[in-house]
$ cat my_file12.cif   # mmCIF, C-alpha atoms
data_target
#
loop_
_atom_site.label_atom_id
_atom_site.label_comp_id
_atom_site.auth_asym_id
_atom_site.auth_seq_id
_atom_site.Cartn_x
_atom_site.Cartn_y
_atom_site.Cartn_z
CA MET A 1 47.94 -25.92 -0.49
CA ARG A 2 48.10 -24.38 -3.95
CA SER A 3 44.62 -25.75 -4.61
CA LEU A 4 43.32 -24.14 -1.43
CA ALA A 5 44.85 -20.80 -2.40
CA LEU A 6 43.25 -21.12 -5.81
CA ALA A 7 39.92 -21.92 -4.19
CA VAL A 8 40.04 -18.84 -1.98
CA ALA A 9 41.06 -16.67 -4.94
CA LEU A 10 38.19 -18.04 -7.04
CA ALA A 11 35.73 -17.53 -4.20
CA LEU A 12 36.56 -13.85 -4.08
CA LEU A 13 35.96 -13.42 -7.80
CA PRO A 14 32.22 -14.09 -8.35
CA ARG A 15 30.00 -11.22 -9.32
CA ILE A 16 26.41 -11.13 -10.51
CA ALA A 17 26.27 -13.14 -13.73
CA LEU A 18 24.22 -11.27 -16.30
CA ALA A 19 23.30 -13.54 -19.18
CA HIS A 20 21.36 -10.62 -20.66
CA GLU A 21 21.74 -7.12 -19.37
CA ALA A 22 18.04 -6.29 -19.74
CA PHE A 23 17.83 -3.80 -22.61
CA GLY A 24 20.99 -1.82 -22.02
CA ASP A 25 23.08 -3.29 -24.80
CA LEU A 26 20.53 -3.51 -27.58
CA GLY A 27 21.37 -0.23 -29.21
CA PRO A 28 19.09 2.72 -29.98
CA PHE A 29 16.95 1.04 -32.66
CA TYR A 30 15.93 -1.99 -30.62
CA GLY A 31 15.70 0.15 -27.50
CA GLY A 32 13.13 2.31 -29.31
CA LEU A 33 11.37 -0.72 -30.76
CA LEU A 34 10.89 -2.22 -27.30
CA HIS A 35 9.97 1.07 -25.66
CA PRO A 36 6.19 0.44 -25.82
CA VAL A 37 6.59 -2.62 -23.62
CA MET A 38 9.13 -1.06 -21.26
CA ALA A 39 7.52 2.31 -20.48
CA PRO A 40 4.36 1.51 -18.45
CA LEU A 41 2.49 4.73 -19.28
CA GLN A 42 3.12 4.32 -23.00
CA THR A 43 2.06 0.67 -22.76
CA LEU A 44 -1.17 1.65 -21.00
CA VAL A 45 -2.22 4.31 -23.53
CA LEU A 46 -1.32 2.16 -26.54
CA ALA A 47 -3.12 -0.87 -25.07
CA ALA A 48 -6.20 1.30 -24.53
CA LEU A 49 -6.06 2.43 -28.16
CA ALA A 50 -5.63 -1.14 -29.40
CA ILE A 51 -8.56 -2.45 -27.34
CA LEU A 52 -10.73 0.44 -28.55
CA LEU A 53 -9.84 -0.40 -32.15
CA ALA A 54 -10.62 -4.08 -31.54
CA ARG A 55 -14.12 -3.08 -30.40
CA GLN A 56 -14.75 -1.03 -33.55
CA PRO A 57 -15.85 -2.14 -37.02
CA LEU A 58 -13.01 -2.95 -39.41
CA ASP A 59 -13.88 -0.02 -41.71
CA GLY A 60 -13.10 2.45 -38.94
CA VAL A 61 -9.89 0.63 -38.00
CA ARG A 62 -8.65 0.77 -41.61
CA ALA A 63 -8.73 4.56 -41.43
CA ALA A 64 -7.69 4.95 -37.79
CA TYR A 65 -4.64 2.68 -37.77
CA PRO A 66 -2.53 4.50 -40.41
CA ALA A 67 -3.57 7.82 -38.87
CA LEU A 68 -2.41 6.52 -35.49
CA VAL A 69 1.02 5.55 -36.84
CA LEU A 70 1.41 8.92 -38.61
CA ALA A 71 0.39 10.84 -35.48
CA GLY A 72 2.82 8.78 -33.39
CA ALA A 73 5.63 9.51 -35.86
CA GLY A 74 4.77 13.22 -35.92
CA ALA A 75 4.73 13.39 -32.13
CA ILE A 76 8.12 11.65 -31.89
CA VAL A 77 9.62 14.24 -34.28
CA LEU A 78 7.95 17.07 -32.35
CA HIS A 79 9.25 15.61 -29.08
CA ALA A 80 12.79 15.56 -30.48
CA ALA A 81 12.47 19.25 -31.29
CA MET A 82 10.86 20.06 -27.92
CA PRO A 83 12.45 17.62 -25.45
CA ASP A 84 10.91 19.36 -22.43
CA LEU A 85 7.47 18.23 -23.55
CA ALA A 86 6.18 15.61 -21.11
CA VAL A 87 2.93 13.82 -20.42
CA PRO A 88 2.03 13.76 -16.72
CA MET A 89 1.08 10.34 -15.38
CA ARG A 90 -2.42 11.55 -14.52
CA LEU A 91 -3.10 12.90 -18.02
CA GLY A 92 -1.95 9.67 -19.66
CA ALA A 93 -3.92 7.56 -17.19
CA ALA A 94 -7.05 9.68 -17.67
CA ALA A 95 -6.73 9.31 -21.45
CA ALA A 96 -6.40 5.53 -21.05
CA VAL A 97 -9.48 5.41 -18.82
CA MET A 98 -11.47 7.43 -21.36
CA LEU A 99 -10.39 5.22 -24.28
CA GLY A 100 -11.05 2.12 -22.16
CA GLY A 101 -14.50 3.45 -21.25
CA LEU A 102 -15.35 3.89 -24.93
CA ALA A 103 -14.06 0.36 -25.59
CA LEU A 104 -16.18 -1.06 -22.75
CA TRP A 105 -19.22 0.80 -24.10
CA GLY A 106 -18.57 -0.95 -27.39
CA VAL A 107 -20.64 1.36 -29.60
CA ALA A 108 -19.36 1.85 -33.15
CA LEU A 109 -17.96 5.38 -33.30
CA PRO A 110 -18.12 7.58 -36.42
CA ARG A 111 -14.99 7.07 -38.48
CA GLY A 112 -13.83 10.68 -38.06
CA VAL A 113 -14.16 10.52 -34.27
CA LEU A 114 -12.24 7.25 -34.17
CA VAL A 115 -9.44 8.72 -36.31
CA VAL A 116 -9.15 11.79 -34.05
CA LEU A 117 -9.11 9.62 -30.91
CA ALA A 118 -6.49 7.30 -32.41
CA MET A 119 -4.26 10.20 -33.44
CA THR A 120 -4.57 11.97 -30.09
CA GLY A 121 -3.90 8.79 -28.13
CA ALA A 122 -0.90 7.85 -30.28
CA ALA A 123 0.56 11.34 -29.94
CA LEU A 124 0.16 11.21 -26.16
CA ALA A 125 1.78 7.78 -26.03
CA ALA A 126 4.66 8.88 -28.24
CA VAL A 127 5.39 11.97 -26.17
CA SER A 128 5.26 9.92 -22.94
CA GLY A 129 8.42 8.15 -24.13
CA ASP A 130 11.96 9.54 -24.08
CA ALA A 131 12.74 12.39 -26.47
CA ALA A 132 14.95 11.33 -29.37
CA ALA A 133 18.27 13.18 -29.61
CA LEU A 134 19.09 14.95 -32.89
CA THR A 135 21.86 12.49 -33.73
CA ARG A 136 22.19 9.32 -35.80
CA ALA A 137 21.53 7.21 -32.68
CA GLY A 138 18.51 9.40 -31.89
CA LEU A 139 17.19 8.91 -35.42
CA LEU A 140 17.56 5.14 -35.12
CA GLY A 141 15.78 5.24 -31.75
CA ALA A 142 12.95 7.33 -33.23
CA VAL A 143 12.49 4.94 -36.16
CA GLY A 144 12.48 2.05 -33.69
CA SER A 145 9.88 3.81 -31.54
CA ILE A 146 7.57 4.45 -34.50
CA LEU A 147 7.80 0.81 -35.57
CA GLY A 148 7.38 -0.30 -31.94
CA ILE A 149 4.19 1.73 -31.55
CA ALA A 150 2.81 0.41 -34.86
CA ALA A 151 3.69 -3.20 -33.99
CA PHE A 152 2.43 -3.06 -30.40
CA VAL A 153 -0.98 -1.65 -31.34
CA LEU A 154 -1.33 -4.15 -34.19
CA LEU A 155 -0.37 -7.04 -31.91
CA VAL A 156 -2.78 -6.17 -29.08
CA TRP A 157 -5.57 -5.32 -31.55
CA GLY A 158 -5.07 -8.68 -33.26
CA LEU A 159 -4.99 -10.57 -29.97
CA VAL A 160 -8.20 -9.00 -28.67
CA ASP A 161 -9.85 -9.43 -32.07
CA ILE A 162 -9.01 -13.15 -32.09
CA LEU A 163 -10.32 -13.54 -28.53
CA GLN A 164 -13.54 -11.78 -29.51
CA SER A 165 -14.04 -13.99 -32.53
CA ARG A 166 -13.48 -17.14 -30.44
CA LEU A 167 -15.15 -16.22 -27.12
CA GLY A 168 -17.52 -13.44 -28.13
CA ARG A 169 -17.34 -9.66 -27.88
CA VAL A 170 -17.55 -9.83 -24.10
CA SER A 171 -13.87 -10.83 -23.93
CA GLY A 172 -13.01 -7.41 -25.35
CA ALA A 173 -15.20 -5.86 -22.66
CA VAL A 174 -13.30 -7.79 -19.98
CA ALA A 175 -9.99 -6.52 -21.40
CA ALA A 176 -11.38 -2.97 -21.41
CA ALA A 177 -12.48 -3.36 -17.77
CA TRP A 178 -8.97 -4.48 -16.77
CA LEU A 179 -7.50 -1.50 -18.58
CA ILE A 180 -9.89 0.98 -16.94
CA ALA A 181 -9.00 -0.47 -13.54
CA ILE A 182 -5.27 -0.03 -14.17
CA GLY A 183 -5.74 3.47 -15.58
CA ALA A 184 -7.98 4.60 -12.72
CA MET A 185 -5.41 3.53 -10.14
CA ALA A 186 -2.60 5.14 -12.13
CA ALA A 187 -4.60 8.38 -12.15
CA VAL A 188 -4.22 8.75 -8.39
CA LEU A 189 -0.47 8.18 -8.45
CA PRO A 190 1.66 11.27 -8.02
CA GLY A 191 3.40 12.74 -11.07
CA MET B 1 45.29 -39.92 -0.17
CA HIS B 2 45.61 -37.54 -3.06
CA SER B 3 41.94 -38.03 -3.88
CA ARG B 4 40.92 -37.27 -0.25
CA SER B 5 42.82 -33.97 -0.22
CA LEU B 6 41.31 -33.06 -3.59
CA SER B 7 37.86 -33.71 -2.16
CA ALA B 8 38.64 -31.55 0.85
CA VAL B 9 39.82 -28.71 -1.38
CA ALA B 10 36.69 -29.06 -3.51
CA ALA B 11 34.53 -28.95 -0.38
CA VAL B 12 36.30 -25.83 0.88
CA LEU B 13 35.97 -24.27 -2.55
CA ALA B 14 32.25 -25.04 -2.65
CA LEU B 15 31.62 -23.73 0.87
CA VAL B 16 33.57 -20.52 0.41
CA THR B 17 32.02 -19.91 -3.00
CA LEU B 18 28.54 -20.38 -1.58
CA GLY B 19 29.32 -17.99 1.20
CA ALA B 20 30.83 -15.29 -0.96
CA ALA B 21 29.00 -15.42 -4.28
CA SER B 22 26.35 -12.93 -5.29
CA PRO B 23 23.14 -14.28 -6.83
CA ALA B 24 23.30 -15.04 -10.54
CA PHE B 25 20.55 -13.32 -12.51
CA ALA B 26 19.90 -14.84 -15.91
CA HIS B 27 17.76 -11.80 -16.70
CA SER B 28 18.09 -8.54 -14.85
CA GLY B 29 14.50 -7.32 -15.07
CA GLY B 30 14.98 -3.86 -13.58
CA VAL B 31 11.79 -1.82 -13.55
CA ALA B 32 9.61 -4.49 -15.09
CA ALA B 33 10.50 -7.07 -12.44
CA GLY B 34 10.14 -4.59 -9.60
CA GLY B 35 6.68 -3.60 -10.75
CA PHE B 36 4.71 -5.87 -13.03
CA VAL B 37 5.94 -9.22 -11.78
CA THR B 38 5.58 -8.22 -8.14
CA GLY B 39 2.05 -6.97 -8.79
CA PHE B 40 1.17 -10.04 -10.83
CA LEU B 41 2.32 -12.37 -8.06
CA HIS B 42 0.62 -10.36 -5.30
CA PRO B 43 -2.86 -11.91 -5.75
CA ILE B 44 -1.48 -15.24 -6.93
CA LEU B 45 0.79 -15.89 -3.96
CA GLY B 46 -1.80 -14.84 -1.37
CA TRP B 47 -4.09 -17.79 -0.73
CA ASP B 48 -6.82 -15.60 0.74
CA HIS B 49 -6.90 -13.69 -2.57
CA VAL B 50 -6.65 -16.84 -4.69
CA ILE B 51 -9.64 -18.63 -3.14
CA ALA B 52 -11.86 -15.56 -3.36
CA MET B 53 -10.96 -14.81 -7.00
CA VAL B 54 -11.49 -18.41 -8.08
CA ALA B 55 -14.78 -18.45 -6.14
CA VAL B 56 -15.96 -15.37 -8.06
CA GLY B 57 -15.35 -17.23 -11.32
CA LEU B 58 -17.05 -20.39 -10.04
CA TRP B 59 -20.08 -18.45 -8.84
CA GLY B 60 -20.30 -16.64 -12.16
CA ALA B 61 -20.34 -20.00 -13.93
CA PHE B 62 -23.13 -21.19 -11.61
CA LEU B 63 -25.20 -18.08 -12.21
CA GLY B 64 -24.83 -18.50 -15.99
CA LYS B 65 -25.08 -15.76 -18.59
CA PRO B 66 -24.77 -12.79 -18.27
CA ALA B 67 -23.32 -13.12 -14.74
CA ILE B 68 -20.48 -15.33 -15.92
CA TRP B 69 -19.01 -12.30 -17.69
CA LEU B 70 -20.61 -9.49 -15.72
CA LEU B 71 -18.87 -10.43 -12.47
CA PRO B 72 -15.33 -10.49 -13.98
CA VAL B 73 -16.07 -7.10 -15.59
CA THR B 74 -17.54 -5.60 -12.42
CA PHE B 75 -14.87 -6.92 -10.07
CA PRO B 76 -11.79 -5.12 -11.51
CA LEU B 77 -13.70 -1.86 -11.90
CA VAL B 78 -14.79 -1.84 -8.26
CA MET B 79 -11.46 -3.28 -7.14
CA ALA B 80 -9.85 -0.21 -8.73
CA LEU B 81 -11.89 1.99 -6.37
CA GLY B 82 -10.46 0.09 -3.40
CA GLY B 83 -7.01 0.27 -4.99
CA MET B 84 -7.31 4.05 -5.37
CA LEU B 85 -8.30 4.40 -1.71
CA GLY B 86 -5.35 2.25 -0.67
CA ALA B 87 -2.92 4.10 -2.94
CA VAL B 88 -3.81 7.53 -1.56
CA GLY B 89 -3.73 6.22 2.02
CA VAL B 90 -7.42 6.34 2.93
CA PRO B 91 -7.79 3.72 5.68
CA LEU B 92 -10.45 1.03 5.42
CA PRO B 93 -11.28 -0.94 8.58
CA GLY B 94 -11.24 -4.73 8.63
CA ILE B 95 -9.34 -5.32 5.38
CA GLU B 96 -8.10 -8.79 6.30
CA THR B 97 -11.50 -9.71 7.76
CA GLY B 98 -13.23 -8.57 4.57
CA ILE B 99 -10.84 -10.54 2.39
CA ALA B 100 -11.23 -13.70 4.46
CA ALA B 101 -15.02 -13.23 4.60
CA SER B 102 -15.12 -12.98 0.79
CA GLY B 103 -13.76 -16.53 0.49
CA LEU B 104 -16.24 -17.80 3.08
CA VAL B 105 -19.34 -16.05 1.69
CA ILE B 106 -18.73 -16.65 -2.02
CA GLY B 107 -17.52 -20.20 -1.27
CA LEU B 108 -20.79 -20.88 0.55
CA ALA B 109 -22.73 -19.39 -2.36
CA VAL B 110 -21.02 -21.87 -4.68
CA LEU B 111 -21.46 -24.78 -2.24
CA PHE B 112 -25.19 -24.18 -1.95
CA ALA B 113 -25.52 -23.18 -5.62
CA ALA B 114 -27.10 -19.89 -4.53
CA ARG B 115 -28.75 -18.04 -7.40
CA PRO B 116 -29.75 -14.60 -6.09
CA PRO B 117 -30.93 -11.88 -8.50
CA LEU B 118 -28.01 -10.60 -10.59
CA PRO B 119 -27.83 -7.13 -8.95
CA VAL B 120 -27.59 -8.78 -5.51
CA ALA B 121 -24.75 -11.05 -6.65
CA ALA B 122 -22.99 -8.09 -8.28
CA VAL B 123 -23.25 -6.00 -5.09
CA ILE B 124 -21.89 -8.85 -2.92
CA VAL B 125 -18.92 -9.33 -5.24
CA ALA B 126 -18.37 -5.57 -5.55
CA VAL B 127 -18.26 -5.02 -1.78
CA PHE B 128 -15.58 -7.67 -1.38
CA ALA B 129 -13.70 -6.31 -4.41
CA ILE B 130 -13.08 -3.07 -2.50
CA PHE B 131 -11.26 -4.96 0.27
CA HIS B 132 -9.10 -6.88 -2.19
CA GLY B 133 -8.34 -3.70 -4.17
CA HIS B 134 -7.41 -1.80 -1.02
CA ALA B 135 -4.97 -4.51 0.04
CA HIS B 136 -3.24 -4.39 -3.36
CA GLY B 137 -3.45 -0.60 -3.68
CA THR B 138 -1.80 0.02 -0.32
CA GLU B 139 1.38 -1.62 -1.60
CA MET B 140 1.23 0.05 -5.01
CA PRO B 141 2.98 3.38 -4.23
CA GLY B 142 5.92 1.51 -2.67
CA ALA B 143 6.56 -0.55 -5.79
CA VAL B 144 9.50 0.26 -8.04
CA SER B 145 7.02 1.02 -10.83
CA PRO B 146 3.54 1.59 -9.30
CA LEU B 147 1.80 1.63 -12.69
CA ALA B 148 3.37 -1.67 -13.73
CA PHE B 149 2.47 -3.07 -10.28
CA ALA B 150 -1.18 -2.04 -10.83
CA GLY B 151 -1.17 -3.68 -14.25
CA GLY B 152 0.30 -6.84 -12.78
CA PHE B 153 -2.22 -7.28 -10.02
CA VAL B 154 -5.24 -6.46 -12.19
CA ILE B 155 -4.15 -9.01 -14.80
CA GLY B 156 -3.25 -11.57 -12.10
CA THR B 157 -6.66 -11.12 -10.49
CA GLY B 158 -8.41 -11.37 -13.85
CA LEU B 159 -6.59 -14.58 -14.73
CA LEU B 160 -7.64 -16.11 -11.41
CA HIS B 161 -11.24 -15.26 -12.31
CA LEU B 162 -10.76 -16.96 -15.66
CA CYS B 163 -9.40 -20.06 -13.85
CA GLY B 164 -12.57 -20.11 -11.76
CA ILE B 165 -14.77 -19.66 -14.82
CA GLY B 166 -12.91 -22.42 -16.65
CA PHE B 167 -13.37 -24.80 -13.71
CA GLY B 168 -16.96 -23.62 -13.34
CA MET B 169 -17.70 -24.73 -16.91
CA LEU B 170 -17.77 -28.26 -15.46
CA THR B 171 -21.25 -27.43 -14.16
CA ARG B 172 -22.51 -28.50 -17.59
CA SER B 173 -22.37 -32.09 -16.32
CA ARG B 174 -23.81 -33.59 -13.15
CA VAL B 175 -20.49 -34.90 -11.87
CA GLY B 176 -18.88 -31.59 -12.72
CA THR B 177 -21.53 -29.71 -10.77
CA PHE B 178 -20.74 -31.90 -7.77
CA ALA B 179 -17.02 -31.15 -8.15
CA VAL B 180 -17.60 -27.41 -8.44
CA ARG B 181 -19.89 -27.33 -5.40
CA GLY B 182 -17.29 -29.36 -3.53
CA ALA B 183 -14.66 -26.80 -4.50
CA GLY B 184 -16.98 -24.12 -3.16
CA GLY B 185 -17.10 -26.02 0.14
CA VAL B 186 -13.32 -26.23 0.30
CA ILE B 187 -13.05 -22.50 -0.45
CA ALA B 188 -15.60 -21.69 2.25
CA ALA B 189 -13.69 -23.83 4.76
CA LEU B 190 -10.42 -22.10 3.88
CA GLY B 191 -12.16 -18.73 4.14
CA ALA B 192 -13.42 -19.69 7.59
CA GLY B 193 -9.87 -20.71 8.48
CA PHE B 194 -8.51 -17.33 7.41
CA LEU B 195 -11.36 -15.55 9.16
CA THR B 196 -10.79 -17.27 12.49
CA GLY B 197 -7.02 -17.03 12.22
CA ALA B 198 -6.63 -20.79 12.10
CA LEU B 199 -4.78 -20.47 8.77
#
$ encode --input "my_file12.cif" --output "structure tokens"
Amino acid sequence: MRSLALAVALALLPRIALAHEAFGDLGPFYGGLLHPVMAPLQTLVLAALAILLARQPLDGVRAAYPALVLAGAGAIVLHAAMPDLAVPMRLGAAAAVMLGGLALWGVALPRGVLVVLAMTGAALAAVSGDAAALTRAGLLGAVGSILGIAAFVLLVWGLVDILQSRLGRVSGAVAAAWLIAIGAMAAVLPG
Amino acid sequence: MHSRSLSAVAAVLALVTLGAASPAFAHSGGVAAGGFVTGFLHPILGWDHVIAMVAVGLWGAFLGKPAIWLLPVTFPLVMALGGMLGAVGVPLPGIETGIAASGLVIGLAVLFAARPPLPVAAVIVAVFAIFHGHAHGTEMPGAVSPLAFAGGFVIGTGLLHLCGIGFGMLTRSRVGTFAVRGAGGVIAALGAGFLTGAL
């Protein structure tokens, strides 16, 4: 009888077992670091930038990549100062489609143009994330976001570059076509 | 006797627990699971989509370069047009018929090793892409994260193409060509099944 009572009591106890509570308990730094893979619009714009870089000669990428990281960092600081700044879904999607179109075209762009595109795209992506608060936690989140943007672009660029070296440049064109398709559909979404 | 009552208690415990417990989530995915994963699985869990996407890859392999890569580039771009129409609610008649017909037509093209001029092949694939895109796009606004859903189904569709292309590479050998054409026949038969409502 005591066992039965225990059984009933135990049966009433279960709740959802969360082995990992998604990203809620990671803290501001890791939250910021993972932001590029958790915020779809930011992911889209950064992936477009990375694929564009992978379709460009290495000389241009050497100049564009540091500029991209600096622009992303600057935009995150600016966003903290002006938290009302927001990137509408359609603007971000249109930017991704344009960058994807240039990537699909595959023509080597002048270095200056590539740097400007990389900086603009990174700034858009950075502002499409959450604004960092002017606190210690906000600072940690901002540093995480800057590193996250830098790492994400580097990772996707490297992946597409490896695919292109193994399967030919057309694999980069296929990736660009996928990205344009996603961006075009996002452009008709409200917001 | 003691062991029998223990078993009974254990059985009651198990039954009541099963009846009362909430599902255990090892990972609570939140937005990502409600968008990307759902979109990714949308083409993969729909057999009418799967056979058509694989058939596109197989046909591309049959047609050789540059079609082998042109079709997988063309398809998502045109599919996006269909997806945009579906997302904004523009109706398109005969969606299911178009999707089923895509499996039948492209499957037959693989079965008979049809090699039309590249623009003709691209137009055939593009027309069917609109139907597939519309079917996915209609469900996009209702997803938890529509943008992640779009990303999921474009990548899922693209990977199915790559599966078809990978299988289609077997056409480099005689036996492989036979296997690929046979797969085209199976796809056409399944497409006919979907078209007639038998499946």
$ atom_distance --input "my_file12.cif" --atom1 "CA of Phe131 in chain B" --atom2 "CA of Met79 in chain B"
7.6 Å
$ residues_around --input "my_file12.cif" --residues "Met119 in chain A" --least-positions-apart "4" --cutoff "7 Å" --atoms "all atoms listed in the file" --output "ChimeraX atom specification"
/A:67-68,71,115,123
$ residues_near_point --input "my_file12.cif" --point "(-12.9, -0.8, 0.1)" --cutoff "8 Å" --atoms "only C-alpha atoms" --output "PyMOL selection string"
chain B and resi 79+81-83+85+92+95+127-134
$ resolve_selection --input "my_file12.cif" --expression "the PyMOL selection byres ((chain B and resi 165) around 7)" --output "PyMOL selection string"
chain B and resi 57-58+60-61+161-164+166-169
$ write_last_selection --input "my_file12.cif" --atoms "C-alpha atoms" --output "compact mmCIF listing (two decimals), keeping the file's coordinate frame"
# COMPACT_ATOMS: atom_id res chain seq x y z
CA GLY B 57 -15.35 -17.23 -11.32
CA LEU B 58 -17.05 -20.39 -10.04
CA GLY B 60 -20.30 -16.64 -12.16
CA ALA B 61 -20.34 -20.00 -13.93
CA HIS B 161 -11.24 -15.26 -12.31
CA LEU B 162 -10.76 -16.96 -15.66
CA CYS B 163 -9.40 -20.06 -13.85
CA GLY B 164 -12.57 -20.11 -11.76
CA GLY B 166 -12.91 -22.42 -16.65
CA PHE B 167 -13.37 -24.80 -13.71
CA GLY B 168 -16.96 -23.62 -13.34
CA MET B 169 -17.70 -24.73 -16.91
$ resolve_selection --input "my_file12.cif" --expression "the PyMOL selection byres ((chain A and resi 140) around 12)" --output "ChimeraX atom specification"
/A:26-33,76,132-139,141-148
$ decode --input "my_file12.cif" --residues "range 147-154 of chain A" --atoms "all heavy atoms" --output "PDB file, in the first residue's frame"
ATOM      1  N   LEU A 147      33.052  38.386 -31.902  1.00  0.00           N
ATOM      2  CA  LEU A 147      33.789  37.143 -32.171  1.00  0.00           C
ATOM      3  C   LEU A 147      32.924  36.158 -32.953  1.00  0.00           C
ATOM      4  O   LEU A 147      33.405  35.450 -33.845  1.00  0.00           O
ATOM      5  CB  LEU A 147      34.251  36.496 -30.861  1.00  0.00           C
ATOM      6  CG  LEU A 147      35.380  37.218 -30.125  1.00  0.00           C
ATOM      7  CD1 LEU A 147      35.668  36.522 -28.797  1.00  0.00           C
ATOM      8  CD2 LEU A 147      36.644  37.244 -30.977  1.00  0.00           C
ATOM      9  N   GLY A 148      31.620  36.113 -32.609  1.00  0.00           N
ATOM     10  CA  GLY A 148      30.698  35.205 -33.300  1.00  0.00           C
ATOM     11  C   GLY A 148      30.587  35.551 -34.777  1.00  0.00           C
ATOM     12  O   GLY A 148      30.624  34.661 -35.632  1.00  0.00           O
ATOM     13  N   ILE A 149      30.474  36.845 -35.074  1.00  0.00           N
ATOM     14  CA  ILE A 149      30.388  37.281 -36.473  1.00  0.00           C
ATOM     15  C   ILE A 149      31.675  36.906 -37.216  1.00  0.00           C
ATOM     16  O   ILE A 149      31.641  36.344 -38.316  1.00  0.00           O
ATOM     17  CB  ILE A 149      30.124  38.810 -36.542  1.00  0.00           C
ATOM     18  CG1 ILE A 149      28.674  39.098 -36.131  1.00  0.00           C
ATOM     19  CG2 ILE A 149      30.410  39.364 -37.931  1.00  0.00           C
ATOM     20  CD1 ILE A 149      28.345  40.569 -35.969  1.00  0.00           C
ATOM     21  N   ALA A 150      32.817  37.207 -36.582  1.00  0.00           N
ATOM     22  CA  ALA A 150      34.116  36.908 -37.210  1.00  0.00           C
ATOM     23  C   ALA A 150      34.263  35.407 -37.461  1.00  0.00           C
ATOM     24  O   ALA A 150      34.669  34.980 -38.550  1.00  0.00           O
ATOM     25  CB  ALA A 150      35.242  37.411 -36.316  1.00  0.00           C
ATOM     26  N   ALA A 151      33.893  34.600 -36.466  1.00  0.00           N
ATOM     27  CA  ALA A 151      34.058  33.147 -36.582  1.00  0.00           C
ATOM     28  C   ALA A 151      33.094  32.561 -37.605  1.00  0.00           C
ATOM     29  O   ALA A 151      33.469  31.702 -38.413  1.00  0.00           O
ATOM     30  CB  ALA A 151      33.840  32.494 -35.217  1.00  0.00           C
ATOM     31  N   PHE A 152      31.841  33.035 -37.593  1.00  0.00           N
ATOM     32  CA  PHE A 152      30.838  32.475 -38.508  1.00  0.00           C
ATOM     33  C   PHE A 152      31.226  32.725 -39.958  1.00  0.00           C
ATOM     34  O   PHE A 152      31.173  31.813 -40.792  1.00  0.00           O
ATOM     35  CB  PHE A 152      29.463  33.079 -38.198  1.00  0.00           C
ATOM     36  CG  PHE A 152      28.350  32.535 -39.052  1.00  0.00           C
ATOM     37  CD1 PHE A 152      27.767  31.312 -38.761  1.00  0.00           C
ATOM     38  CD2 PHE A 152      27.896  33.227 -40.164  1.00  0.00           C
ATOM     39  CE1 PHE A 152      26.755  30.795 -39.554  1.00  0.00           C
ATOM     40  CE2 PHE A 152      26.885  32.727 -40.966  1.00  0.00           C
ATOM     41  CZ  PHE A 152      26.310  31.512 -40.656  1.00  0.00           C
ATOM     42  N   VAL A 153      31.620  33.976 -40.256  1.00  0.00           N
ATOM     43  CA  VAL A 153      31.995  34.302 -41.642  1.00  0.00           C
ATOM     44  C   VAL A 153      33.213  33.473 -42.061  1.00  0.00           C
ATOM     45  O   VAL A 153      33.255  32.918 -43.164  1.00  0.00           O
ATOM     46  CB  VAL A 153      32.267  35.817 -41.792  1.00  0.00           C
ATOM     47  CG1 VAL A 153      32.851  36.130 -43.161  1.00  0.00           C
ATOM     48  CG2 VAL A 153      30.983  36.604 -41.586  1.00  0.00           C
ATOM     49  N   LEU A 154      34.177  33.373 -41.173  1.00  0.00           N
ATOM     50  CA  LEU A 154      35.397  32.608 -41.479  1.00  0.00           C
ATOM     51  C   LEU A 154      35.061  31.136 -41.740  1.00  0.00           C
ATOM     52  O   LEU A 154      35.568  30.520 -42.686  1.00  0.00           O
ATOM     53  CB  LEU A 154      36.374  32.730 -40.309  1.00  0.00           C
ATOM     54  CG  LEU A 154      37.818  32.333 -40.582  1.00  0.00           C
ATOM     55  CD1 LEU A 154      38.439  33.249 -41.614  1.00  0.00           C
ATOM     56  CD2 LEU A 154      38.632  32.382 -39.290  1.00  0.00           C
TER      57      LEU A 154
END
